[in-house]
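Data from protein11.txt: compact mmCIF, C-alpha atoms and all ligand atoms
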```txt
# COMPACT_ATOMS: atom_id res chain seq x y z
CA MET A 1 20.40 1.88 -12.04
CA ARG A 2 16.79 1.20 -12.93
CA ILE A 3 14.33 2.11 -10.20
CA ALA A 4 10.61 1.38 -10.16
CA ALA A 5 8.65 3.55 -7.73
CA VAL A 6 5.17 2.28 -6.89
CA VAL A 7 2.44 4.52 -5.44
CA GLY A 8 -1.27 4.04 -4.91
CA ALA A 9 -2.96 6.28 -2.38
CA ARG A 10 -2.94 9.98 -1.52
CA PRO A 11 -0.24 9.98 1.18
CA ASN A 12 2.06 8.00 -1.14
CA PHE A 13 2.07 10.84 -3.65
CA VAL A 14 3.29 13.34 -1.05
CA LYS A 15 6.10 10.97 -0.05
CA ILE A 16 7.31 9.97 -3.50
CA ALA A 17 7.44 13.52 -4.93
CA PRO A 18 10.80 14.56 -3.38
CA ILE A 19 12.37 11.18 -4.15
CA LEU A 20 11.43 11.51 -7.82
CA ALA A 21 12.74 15.07 -7.82
CA ALA A 22 16.08 13.97 -6.32
CA LEU A 23 16.33 11.10 -8.82
CA ARG A 24 15.73 13.45 -11.73
CA ASP A 25 19.04 15.17 -10.94
CA ARG A 26 21.02 11.92 -11.10
CA SER A 27 22.05 10.80 -14.57
CA GLU A 28 22.94 7.31 -13.36
CA ALA A 29 19.31 6.58 -12.39
CA ARG A 30 16.41 5.75 -14.65
CA THR A 31 13.09 5.83 -12.85
CA THR A 32 9.75 4.33 -13.79
CA LEU A 33 6.66 5.51 -11.89
CA ILE A 34 3.87 2.98 -11.41
CA HIS A 35 0.45 4.06 -10.04
CA THR A 36 -1.63 1.17 -8.73
CA GLY A 37 -4.85 3.16 -9.10
CA GLN A 38 -5.92 2.53 -5.47
CA HIS A 39 -6.91 6.18 -5.33
CA TYR A 40 -8.45 7.29 -8.60
CA ASP A 41 -10.70 10.31 -7.88
CA VAL A 42 -9.31 13.52 -9.37
CA ARG A 43 -9.32 15.05 -5.89
CA MET A 44 -7.49 12.10 -4.29
CA SER A 45 -4.96 11.55 -7.06
CA GLU A 46 -4.55 13.86 -10.08
CA ALA A 47 -4.81 17.02 -7.99
CA PHE A 48 -1.81 15.80 -5.99
CA PHE A 49 0.21 14.92 -9.08
CA ALA A 50 -0.39 18.44 -10.40
CA ASN A 51 0.36 20.30 -7.14
CA LEU A 52 3.47 18.26 -6.43
CA GLU A 53 4.81 18.30 -9.99
CA ILE A 54 4.89 14.53 -10.19
CA PRO A 55 5.19 13.27 -13.77
CA THR A 56 2.35 11.27 -15.27
CA PRO A 57 2.85 7.63 -14.25
CA ASP A 58 4.52 5.41 -16.83
CA VAL A 59 2.11 2.63 -15.88
CA ASN A 60 -1.34 2.74 -14.26
CA LEU A 61 -2.60 -0.58 -12.91
CA ASP A 62 -6.06 0.89 -12.40
CA VAL A 63 -7.10 -1.43 -9.52
CA ARG A 64 -9.53 1.00 -7.86
CA SER A 65 -11.62 0.21 -4.77
CA GLY A 66 -12.61 -3.10 -3.30
CA THR A 67 -12.02 -5.11 -0.18
CA ALA A 68 -8.45 -5.06 1.12
CA ALA A 69 -7.85 -8.55 -0.26
CA ALA A 70 -9.25 -7.66 -3.67
CA GLN A 71 -7.17 -4.49 -3.79
CA ILE A 72 -3.93 -6.25 -2.76
CA ALA A 73 -4.55 -9.21 -5.07
CA GLY A 74 -5.43 -6.86 -7.93
CA VAL A 75 -2.19 -4.92 -7.57
CA MET A 76 -0.15 -8.12 -7.36
CA GLU A 77 -1.70 -9.69 -10.43
CA ARG A 78 -1.27 -6.59 -12.54
CA LEU A 79 2.15 -5.57 -11.25
CA GLU A 80 3.82 -8.97 -11.61
CA PRO A 81 4.07 -8.97 -15.43
CA VAL A 82 5.24 -5.35 -15.41
CA LEU A 83 8.13 -6.12 -13.04
CA ALA A 84 8.89 -9.50 -14.60
CA GLU A 85 9.34 -7.85 -17.97
CA SER A 86 11.12 -4.64 -16.95
CA ARG A 87 13.26 -6.22 -14.19
CA PRO A 88 14.24 -3.04 -12.34
CA ASP A 89 17.21 -3.11 -9.96
CA VAL A 90 15.02 -2.03 -7.07
CA VAL A 91 11.36 -1.35 -6.31
CA VAL A 92 10.74 1.63 -4.03
CA VAL A 93 7.57 1.62 -1.94
CA VAL A 94 6.45 4.28 0.55
CA GLY A 95 4.18 4.36 3.59
CA ASP A 96 1.74 1.72 4.75
CA VAL A 97 -1.22 1.48 2.40
CA ASN A 98 -2.53 -1.64 0.67
CA SER A 99 -0.58 -0.73 -2.46
CA THR A 100 2.64 -0.66 -0.40
CA ILE A 101 2.48 -4.27 0.81
CA ALA A 102 1.08 -5.49 -2.52
CA ALA A 103 3.96 -3.97 -4.48
CA ALA A 104 6.61 -5.10 -2.00
CA LEU A 105 5.36 -8.69 -2.02
CA THR A 106 5.15 -8.78 -5.81
CA ALA A 107 8.70 -7.48 -6.15
CA VAL A 108 10.04 -10.10 -3.75
CA LYS A 109 8.21 -12.86 -5.62
CA VAL A 110 9.78 -11.86 -8.94
CA GLY A 111 13.19 -11.51 -7.30
CA VAL A 112 13.57 -7.72 -7.27
CA PRO A 113 14.95 -6.06 -4.10
CA VAL A 114 12.60 -3.73 -2.19
CA ALA A 115 13.35 -0.39 -0.55
CA HIS A 116 10.74 0.78 1.98
CA VAL A 117 10.51 4.46 2.77
CA GLU A 118 8.93 5.24 6.18
CA ALA A 119 9.86 1.87 7.65
CA GLY A 120 9.60 0.75 11.27
CA LEU A 121 6.61 2.78 12.45
CA ARG A 122 4.40 0.75 14.80
CA SER A 123 1.11 1.61 16.51
CA PHE A 124 1.14 -1.86 18.15
CA ASP A 125 -2.53 -2.08 17.22
CA ARG A 126 -2.95 -5.02 14.90
CA SER A 127 -6.60 -4.19 14.27
CA MET A 128 -5.38 -1.27 12.18
CA PRO A 129 -5.07 -2.30 8.51
CA GLU A 130 -1.95 -0.16 8.05
CA GLU A 131 -0.16 -1.86 10.98
CA ILE A 132 -0.26 -5.21 9.19
CA ASN A 133 0.95 -3.54 6.01
CA ARG A 134 3.87 -1.97 7.91
CA VAL A 135 5.01 -5.14 9.67
CA LEU A 136 4.82 -7.27 6.52
CA THR A 137 6.45 -4.74 4.22
CA ASP A 138 9.36 -4.26 6.61
CA ALA A 139 9.83 -8.02 7.02
CA ILE A 140 10.47 -8.46 3.28
CA SER A 141 12.34 -5.24 2.47
CA ASP A 142 16.05 -5.15 1.66
CA LEU A 143 16.56 -1.47 2.43
CA LEU A 144 14.57 0.28 5.13
CA PHE A 145 14.50 4.06 5.49
CA THR A 146 13.23 5.44 8.81
CA THR A 147 11.87 8.80 9.93
CA GLU A 148 12.39 8.68 13.69
CA PRO A 149 14.49 6.86 16.31
CA ALA A 150 11.61 4.71 17.63
CA ALA A 151 11.45 3.00 14.24
CA GLN A 152 15.04 1.82 14.60
CA GLY A 153 14.16 0.13 17.89
CA ASN A 154 11.03 -1.48 16.46
CA LEU A 155 12.92 -2.97 13.52
CA ALA A 156 15.75 -4.20 15.75
CA ARG A 157 13.20 -5.97 17.98
CA GLU A 158 11.72 -7.65 14.93
CA GLY A 159 15.12 -9.01 13.98
CA ILE A 160 15.77 -6.80 10.94
CA PRO A 161 19.57 -6.60 10.48
CA ALA A 162 20.83 -3.12 11.35
CA GLN A 163 22.84 -2.79 8.13
CA ARG A 164 19.61 -2.71 6.12
CA VAL A 165 18.16 0.17 8.15
CA HIS A 166 18.96 3.84 7.52
CA PHE A 167 17.68 6.77 9.57
CA VAL A 168 17.20 9.43 6.89
CA GLY A 169 14.45 11.77 8.11
CA ASN A 170 11.02 12.42 6.69
CA VAL A 171 10.19 12.76 2.99
CA MET A 172 6.71 14.07 3.80
CA ILE A 173 8.40 17.01 5.50
CA ASP A 174 10.70 17.47 2.49
CA THR A 175 7.55 18.05 0.46
CA LEU A 176 6.03 20.32 3.10
CA PHE A 177 9.11 22.56 3.18
CA ARG A 178 9.41 22.58 -0.58
CA TYR A 179 5.83 23.78 -1.09
CA ARG A 180 5.20 25.71 2.12
CA GLU A 181 5.67 29.12 0.49
CA ARG A 182 3.70 28.26 -2.60
CA ALA A 183 0.86 27.08 -0.34
CA GLU A 184 0.69 30.62 1.06
CA GLN A 185 -0.65 31.74 -2.33
CA SER A 186 -3.68 29.46 -1.92
CA PRO A 187 -6.96 31.37 -1.82
CA ILE A 188 -8.57 28.69 0.36
CA LEU A 189 -9.07 30.78 3.52
CA ALA A 190 -10.81 33.55 1.59
CA THR A 191 -12.83 31.00 -0.37
CA LEU A 192 -14.05 29.47 2.88
CA GLY A 193 -14.47 32.86 4.56
CA VAL A 194 -12.33 31.94 7.58
CA GLN A 195 -9.67 34.03 9.34
CA PRO A 196 -6.13 32.83 10.15
CA GLY A 197 -5.99 31.33 13.65
CA ALA A 198 -9.76 31.45 14.03
CA TYR A 199 -10.87 28.01 12.85
CA ALA A 200 -10.08 24.36 13.44
CA ALA A 201 -9.40 21.85 10.65
CA LEU A 202 -10.70 18.27 10.88
CA THR A 203 -9.95 15.09 8.93
CA LEU A 204 -11.38 11.63 9.60
CA HIS A 205 -11.10 8.45 7.57
CA ARG A 206 -9.82 5.58 9.74
CA PRO A 207 -12.12 2.56 9.52
CA SER A 208 -12.09 2.44 13.36
CA ASN A 209 -13.57 5.97 13.51
CA VAL A 210 -15.94 6.03 10.56
CA ASP A 211 -17.02 2.53 9.61
CA SER A 212 -19.47 1.97 12.49
CA ALA A 213 -22.34 4.32 13.28
CA GLU A 214 -21.35 4.20 16.94
CA ALA A 215 -17.75 5.33 16.33
CA LEU A 216 -18.76 7.98 13.82
CA GLY A 217 -21.45 9.15 16.24
CA ARG A 218 -18.77 9.66 18.93
CA MET A 219 -16.74 11.79 16.54
CA VAL A 220 -19.81 13.85 15.62
CA SER A 221 -20.60 14.50 19.31
CA ALA A 222 -17.05 15.68 19.98
CA VAL A 223 -17.10 17.97 16.96
CA ALA A 224 -20.56 19.24 17.89
CA ARG A 225 -19.18 20.77 21.08
CA ILE A 226 -16.08 22.25 19.45
CA GLN A 227 -17.91 23.83 16.50
CA ALA A 228 -20.07 25.72 18.99
CA GLU A 229 -16.88 27.57 20.01
CA ILE A 230 -14.88 27.82 16.77
CA PRO A 231 -15.68 27.12 13.09
CA VAL A 232 -14.51 23.63 12.07
CA VAL A 233 -13.49 23.05 8.43
CA PHE A 234 -13.83 19.40 7.45
CA PRO A 235 -12.51 18.22 4.07
CA VAL A 236 -14.33 14.89 3.81
CA HIS A 237 -12.53 11.77 2.57
CA PRO A 238 -14.61 9.64 0.14
CA ARG A 239 -14.81 6.78 2.62
CA THR A 240 -16.17 9.10 5.32
CA ARG A 241 -18.53 10.76 2.83
CA GLN A 242 -20.11 7.37 2.15
CA ARG A 243 -20.51 6.62 5.86
CA LEU A 244 -21.95 10.05 6.64
CA ALA A 245 -24.44 9.63 3.81
CA GLY A 246 -25.51 6.40 5.52
CA MET A 247 -26.21 8.35 8.73
CA ASP A 248 -28.29 11.02 7.03
CA GLY A 249 -31.27 12.04 9.10
CA SER A 250 -29.58 11.17 12.39
CA LEU A 251 -26.97 13.92 11.99
CA PRO A 252 -27.58 16.95 14.19
CA ALA A 253 -27.53 20.42 12.62
CA LEU A 254 -24.05 21.83 13.24
CA PRO A 255 -23.84 25.40 11.93
CA GLY A 256 -20.14 25.79 12.79
CA LEU A 257 -19.10 22.66 10.86
CA ARG A 258 -18.13 23.17 7.20
CA LEU A 259 -18.10 19.96 5.15
CA ILE A 260 -16.07 20.40 1.98
CA ASP A 261 -14.54 18.10 -0.64
CA PRO A 262 -11.02 16.73 -0.17
CA LEU A 263 -8.55 19.54 -0.89
CA PRO A 264 -5.56 19.53 -3.21
CA TYR A 265 -2.20 19.53 -1.40
CA LEU A 266 -1.39 23.25 -1.52
CA ASP A 267 -4.82 24.30 -0.28
CA PHE A 268 -4.68 21.75 2.51
CA VAL A 269 -1.22 22.87 3.67
CA CYS A 270 -2.48 26.45 3.74
CA LEU A 271 -5.53 25.34 5.74
CA MET A 272 -3.35 23.50 8.27
CA ALA A 273 -0.72 26.22 8.54
CA HIS A 274 -3.25 28.85 9.65
CA ALA A 275 -5.54 26.70 11.77
CA ARG A 276 -5.94 27.28 15.52
CA CYS A 277 -5.62 23.52 15.75
CA VAL A 278 -6.03 20.38 13.69
CA LEU A 279 -8.12 17.36 14.72
CA THR A 280 -7.26 14.21 12.79
CA ASP A 281 -6.96 10.46 12.66
CA SER A 282 -4.41 10.61 9.83
CA GLY A 283 -0.80 9.55 10.29
CA GLY A 284 0.88 12.08 8.04
CA ILE A 285 -1.01 15.07 9.40
CA GLN A 286 0.40 14.38 12.87
CA GLU A 287 3.83 14.91 11.34
CA GLU A 288 2.92 17.89 9.17
CA THR A 289 1.37 19.79 12.11
CA THR A 290 4.49 19.11 14.20
CA ALA A 291 6.64 20.56 11.42
CA LEU A 292 4.31 23.57 11.13
CA GLY A 293 4.07 24.07 14.93
CA ILE A 294 0.27 23.79 14.89
CA PRO A 295 -1.49 22.00 17.81
CA CYS A 296 -2.76 18.58 16.72
CA LEU A 297 -5.34 16.40 18.47
CA THR A 298 -5.05 12.83 17.26
CA LEU A 299 -8.45 11.19 17.49
CA ARG A 300 -7.12 7.69 18.08
CA THR A 301 -5.92 5.60 21.00
CA SER A 302 -2.39 5.09 19.65
CA THR A 303 0.15 6.60 17.31
CA GLU A 304 2.86 4.96 15.26
CA ARG A 305 4.64 8.34 15.18
CA PRO A 306 5.65 8.88 18.85
CA ILE A 307 8.18 11.60 18.03
CA THR A 308 5.28 13.96 17.21
CA VAL A 309 4.16 13.62 20.84
CA ALA A 310 7.59 13.53 22.49
CA ARG A 311 8.95 16.50 20.56
CA GLY A 312 6.11 17.96 18.55
CA THR A 313 2.69 19.51 18.94
CA ASN A 314 0.68 16.29 18.77
CA ARG A 315 -1.36 14.68 21.57
CA VAL A 316 -3.13 11.35 21.25
CA VAL A 317 -6.44 12.25 22.88
CA GLY A 318 -8.45 9.08 22.24
CA VAL A 319 -11.97 8.83 20.87
CA GLU A 320 -14.14 9.90 23.82
CA PRO A 321 -15.99 13.21 23.21
CA GLU A 322 -15.26 14.50 26.72
CA ALA A 323 -11.48 13.95 26.38
CA ILE A 324 -11.41 15.49 22.91
CA PHE A 325 -13.31 18.55 24.08
CA SER A 326 -11.12 19.07 27.12
CA ALA A 327 -7.98 18.87 24.94
CA TRP A 328 -9.52 21.53 22.69
CA ARG A 329 -10.16 23.71 25.76
CA GLN A 330 -6.45 23.53 26.62
CA ILE A 331 -5.61 24.81 23.15
CA ALA A 332 -8.27 27.53 23.39
CA GLU A 333 -6.73 28.67 26.68
CA GLY A 334 -3.25 28.76 25.13
CA ARG A 335 -1.97 25.86 27.20
CA TRP A 336 -0.19 23.87 24.49
CA PRO A 337 3.51 23.22 23.89
CA ALA A 338 5.12 24.92 20.88
CA GLY A 339 7.06 21.76 20.06
CA GLU A 340 10.27 21.48 18.10
CA LEU A 341 11.37 19.95 14.83
CA PRO A 342 12.45 16.29 15.14
CA GLU A 343 15.98 15.32 14.17
CA LEU A 344 16.62 15.15 10.40
CA TRP A 345 13.24 16.63 9.48
CA ASP A 346 15.18 19.15 7.48
CA GLY A 347 13.92 18.85 3.92
CA LYS A 348 16.81 16.64 2.83
CA ALA A 349 15.53 13.11 3.50
CA ALA A 350 15.00 12.30 -0.18
CA GLU A 351 18.56 13.30 -1.04
CA ARG A 352 19.85 10.94 1.66
CA ILE A 353 17.64 8.13 0.35
CA VAL A 354 18.80 8.59 -3.22
CA ARG A 355 22.45 8.67 -2.17
CA ILE A 356 22.03 5.36 -0.30
CA LEU A 357 19.93 3.76 -3.07
CA LEU A 358 22.45 4.59 -5.77
CA GLY A 359 25.34 3.67 -3.49
CA ALA A 360 23.82 0.24 -2.89
CA ALA A 361 24.00 -0.49 -6.63
CA ARG A 362 27.77 -0.09 -6.77
C1 LIG B 401 -6.17 4.53 2.29
C2 LIG B 401 -5.10 3.90 3.16
C3 LIG B 401 -4.86 4.78 4.39
C4 LIG B 401 -4.53 6.18 3.98
C5 LIG B 401 -5.68 6.71 3.12
C6 LIG B 401 -5.43 8.12 2.67
C7 LIG B 401 -5.06 1.45 3.13
C8 LIG B 401 -5.31 0.23 3.93
N1 LIG B 401 -5.50 2.59 3.67
O1 LIG B 401 -7.40 4.51 3.02
O2 LIG B 401 -3.76 4.27 5.10
O3 LIG B 401 -4.38 7.00 5.12
O4 LIG B 401 -5.81 5.86 1.97
O5 LIG B 401 -6.51 8.62 1.97
O6 LIG B 401 -4.47 1.38 2.07
N2 LIG B 401 -12.60 6.00 -2.68
C9 LIG B 401 -13.07 6.87 -3.63
N3 LIG B 401 -12.17 7.47 -4.46
C10 LIG B 401 -10.85 7.24 -4.38
C11 LIG B 401 -10.38 6.35 -3.42
C12 LIG B 401 -11.25 5.74 -2.56
O7 LIG B 401 -14.26 7.11 -3.74
O8 LIG B 401 -10.09 7.84 -5.17
C13 LIG B 401 -13.55 5.36 -1.76
C14 LIG B 401 -13.86 3.97 -2.23
O9 LIG B 401 -15.20 3.75 -2.20
C15 LIG B 401 -13.17 3.06 -1.23
C16 LIG B 401 -13.05 3.95 0.00
O10 LIG B 401 -13.00 5.29 -0.47
O11 LIG B 401 -13.88 1.91 -0.96
C17 LIG B 401 -11.81 3.65 0.77
O12 LIG B 401 -10.66 3.70 -0.08
P1 LIG B 401 -9.40 2.75 0.22
O13 LIG B 401 -8.33 2.99 -0.76
O14 LIG B 401 -9.85 1.35 0.38
O15 LIG B 401 -8.91 3.18 1.64
P2 LIG B 401 -8.81 4.63 2.28
O16 LIG B 401 -9.84 4.73 3.33
O17 LIG B 401 -8.73 5.70 1.25
```
Once you've parsed the file, please lay out its structure as structure tokens.
Amino acid sequence: MRIAAVVGARPNFVKIAPILAALRDRSEARTTLIHTGQHYDVRMSEAFFANLEIPTPDVNLDVRSGTAAAQIAGVMERLEPVLAESRPDVVVVVGDVNSTIAAALTAVKVGVPVAHVEAGLRSFDRSMPEEINRVLTDAISDLLFTTEPAAQGNLAREGIPAQRVHFVGNVMIDTLFRYRERAEQSPILATLGVQPGAYAALTLHRPSNVDSAEALGRMVSAVARIQAEIPVVFPVHPRTRQRLAGMDGSLPALPGLRLIDPLPYLDFVCLMAHARCVLTDSGGIQEETTALGIPCLTLRTSTERPITVARGTNRVVGVEPEAIFSAWRQIAEGRWPAGELPELWDGKAAERIVRILLGAAR
């Protein structure tokens, strides 16, 4: 069976790694890895390939940044001849980024079946770029692999036939468990001069939180209060870096806030694993903190990953500084649930996916 796996942005790399590893052990599969080039900075891309032992991509489409339409169109134009010539038996896409929908749509147009890993998640907020990517990718996928029960319900409501949908668990957690011990060797805490359990970690990159000065200002006010009580380590995504640069001059001095470059995977896992809490607007980090048992404040008004709230350590606290600060106070006072591991988040999701993928070819 010939499989083409397409990845483009940072969270994709974390999700594809265990699938590629599981495919390597199967002699009946031949896998081609295609990088769209959506993320191209060393820190957003190569550092992840190295940490996660992902082979160098067979093809790099090198689309880089642009508007969403330019990015999606760029991937489609460059991917079409690659798929038309190689004609794989299936194209595997992961997550919900622009590269995901672009690759899925291209595959369908050239007549190659699509398998979507992390299908069925819904924030029910259509102003979120990823929500559109999720709904559209699922609508045109032939095989849909889900991480949590809510996804099954969402897909059923959208009329996706149940026989296409497989609840397999979470490949991002496969990667976390695989590298958790190695991440302990990271020198990042010493490098930053922070003590285990005595700092908070922050990530922010959603357009809704960083693209307008008003929204970014709200985040800064919330963080301003928290960093007065505990050091806050903030690896800054390139998008957010650009927006913060635009606010220069109006930013208050915040001595407890440490702005650093985006971290490679192992350093970031180490940073999360020893944090007092994590504040984030990322999707994947909500899941990783649940698996690590670290309190997570999601700085959004919705989540597409409800299991992290129902079972895990995540709370969707919204974007108002007062609400964010009061959630932090609950953590500081030790009033936070320990959470538990969601069903099938056991490090074996990729094996299940590969078994089903290869079974489907017979
Ligand atoms: C994308 C995904 C988001 C994911 C995030 C993880 C979409 C719609 N969004 O958001 O779901 O959580 O990746 O990081 O696909 N840039 C660089 N270097 C890079 C990549 C980006 O400088 O390697 C800058 C570019 O100026 C670009 C901006 O960051 O315009 C945003 O990048 P883009 O890929 O459009 O979206 P992300 O915000 O990274």
Do a neighbour search on stretch 320-334 of chain A at 10 Å with all atoms listed in the file, toss out local chain neighbours closer than 6 positions, and write the hits as a VMD selection string. chain A and resid 200 215 217 to 226 229 to 230 276 to 279 295 to 301
Please provide as an MDAnalysis selection string all residues within 9 Å of A:Arg258, with the sequence filter that same-chain residues fewer than 5 positions apart are discarded (counting all atoms listed in the file). chainID A and resid 192 231:235
Selected residue of minimal separation from A:Thr203 among A:Asn60, A:Ser27, A:Thr289, A:Ser282, counting only C-alpha atoms: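 Closest residue, counting only C-alpha atoms: A:Ser282.
Proximity ranking of A:Ile34, A:Val94, A:Val317, A:Ala21 relative to ligand LIG 401 (chain B) places A:Val94 first, based on all atoms listed in the file.
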Hey, could you make a per-residue contact list for chain A against ligand LIG 401 (chain B) with 6 Å as the cut-off, showing the nearest pair of atoms and its distance in Å to one decimal, counting all atoms listed in the file, sorted by chain and number, as a tab-separated table?
```
residue	atom	partner	partner_atom	distance
A:Ala9	CA	B:LIG401	O4	5.2
A:Arg10	CA	B:LIG401	O5	5.2
A:Pro11	CA	B:LIG401	C6	5.7
A:Gln38	CA	B:LIG401	O13	5.3
A:His39	CA	B:LIG401	O8	3.6
A:Tyr40	CA	B:LIG401	O8	3.8
A:Asp41	CA	B:LIG401	O8	3.7
A:Met44	CA	B:LIG401	O8	5.1
A:Ser65	CA	B:LIG401	O11	4.7
A:Gly66	CA	B:LIG401	O11	5.7
A:Val97	CA	B:LIG401	O6	3.3
A:Asn98	CA	B:LIG401	O6	3.9
A:Pro129	CA	B:LIG401	C8	5.2
A:Glu130	CA	B:LIG401	C8	5.3
A:His205	CA	B:LIG401	O16	5.8
A:Pro238	CA	B:LIG401	O7	4.6
A:Arg239	CA	B:LIG401	O10	3.9
A:Ser282	CA	B:LIG401	O3	5.9
```
Length of the atom CA of A:Met1 to atom CA of A:Leu79 vector [Å]: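 Those two atoms sit 19.7 Å apart.
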Around (16.2, 9.6, -9.3), as given in the file, which residues come within 10 Å? Count all atoms listed in the file and list them as a PyMOL selection string. chain A and resi 1-5+18-32+350-351+353-355+357-358
Could you give me, as a list in words, the residues within 12 Å of A:Arg87, counting all atoms listed in the file and dropping anything in the same chain fewer than 2 positions from it?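 Listing them by chain and then by number gives Met1, Arg2, Ile3, Ala4, Thr32, Leu79, Glu80, Pro81, Val82, Leu83, Ala84, Glu85, Asp89, Val90, Val91, Thr106, Ala107, Val108, Lys109, Val110, Gly111, Val112 and Pro113 of chain A.
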One-decimal distance in Å that lies between atom CA of A:Glu118 and atom CA of A:Thr146: 5.0 Å
Between A:Met247, A:His274, A:Ile101, A:Met172, which has the minimum distance to A:Ala68 (counting all atoms listed in the file)?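 For A:Ala68, the nearest of the candidates is A:Ile101.
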Excluding A:Leu33 and any residue of its chain fewer than 2 positions from it, enumerate the residues within 8 Å of it, using only C-alpha atoms, and give them as a VMD selection string. chain A and resid 4 to 7 31 35 56 to 59
Just the number, please: distance in Å from atom CA of A:Gly193 to atom CA of A:Pro252, one decimal.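 These atoms are spaced 22.8 Å apart.
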N, CA and C atoms of stretch 67-82 of chain A, written as a short mmCIF file (atom, residue, chain, number, x, y, z; two decimals), in the first residue's frame:
```cif
data_model
loop_
_atom_site.label_atom_id
_atom_site.label_comp_id
_atom_site.auth_asym_id
_atom_site.auth_seq_id
_atom_site.Cartn_x
_atom_site.Cartn_y
_atom_site.Cartn_z
N THR A 67 -1.90 34.97 2.88
CA THR A 67 -3.26 34.90 3.38
C THR A 67 -3.70 33.44 3.37
N ALA A 68 -4.80 33.15 4.07
CA ALA A 68 -5.27 31.77 4.11
C ALA A 68 -5.54 31.27 2.69
N ALA A 69 -6.17 32.10 1.88
CA ALA A 69 -6.51 31.67 0.52
C ALA A 69 -5.24 31.41 -0.29
N ALA A 70 -4.26 32.27 -0.14
CA ALA A 70 -3.01 32.10 -0.90
C ALA A 70 -2.30 30.83 -0.46
N GLN A 71 -2.33 30.59 0.86
CA GLN A 71 -1.67 29.39 1.39
C GLN A 71 -2.36 28.12 0.87
N ILE A 72 -3.69 28.11 0.97
CA ILE A 72 -4.45 26.91 0.55
C ILE A 72 -4.30 26.71 -0.96
N ALA A 73 -4.43 27.77 -1.71
CA ALA A 73 -4.30 27.67 -3.17
C ALA A 73 -2.89 27.22 -3.55
N GLY A 74 -1.90 27.75 -2.85
CA GLY A 74 -0.50 27.39 -3.13
C GLY A 74 -0.25 25.91 -2.91
N VAL A 75 -0.77 25.40 -1.81
CA VAL A 75 -0.59 23.96 -1.53
C VAL A 75 -1.29 23.16 -2.62
N MET A 76 -2.50 23.54 -2.97
CA MET A 76 -3.27 22.76 -3.95
C MET A 76 -2.57 22.72 -5.30
N GLU A 77 -2.11 23.88 -5.74
CA GLU A 77 -1.45 23.94 -7.05
C GLU A 77 -0.19 23.09 -7.11
N ARG A 78 0.57 23.14 -6.00
CA ARG A 78 1.84 22.41 -6.01
C ARG A 78 1.69 20.93 -5.68
N LEU A 79 0.64 20.60 -4.93
CA LEU A 79 0.45 19.20 -4.54
C LEU A 79 -0.20 18.38 -5.66
N GLU A 80 -1.04 19.03 -6.44
CA GLU A 80 -1.80 18.27 -7.46
C GLU A 80 -0.89 17.45 -8.39
N PRO A 81 0.14 18.06 -9.00
CA PRO A 81 0.97 17.24 -9.89
C PRO A 81 1.71 16.12 -9.16
N VAL A 82 2.05 16.36 -7.90
CA VAL A 82 2.76 15.33 -7.13
C VAL A 82 1.85 14.12 -6.95
#
```
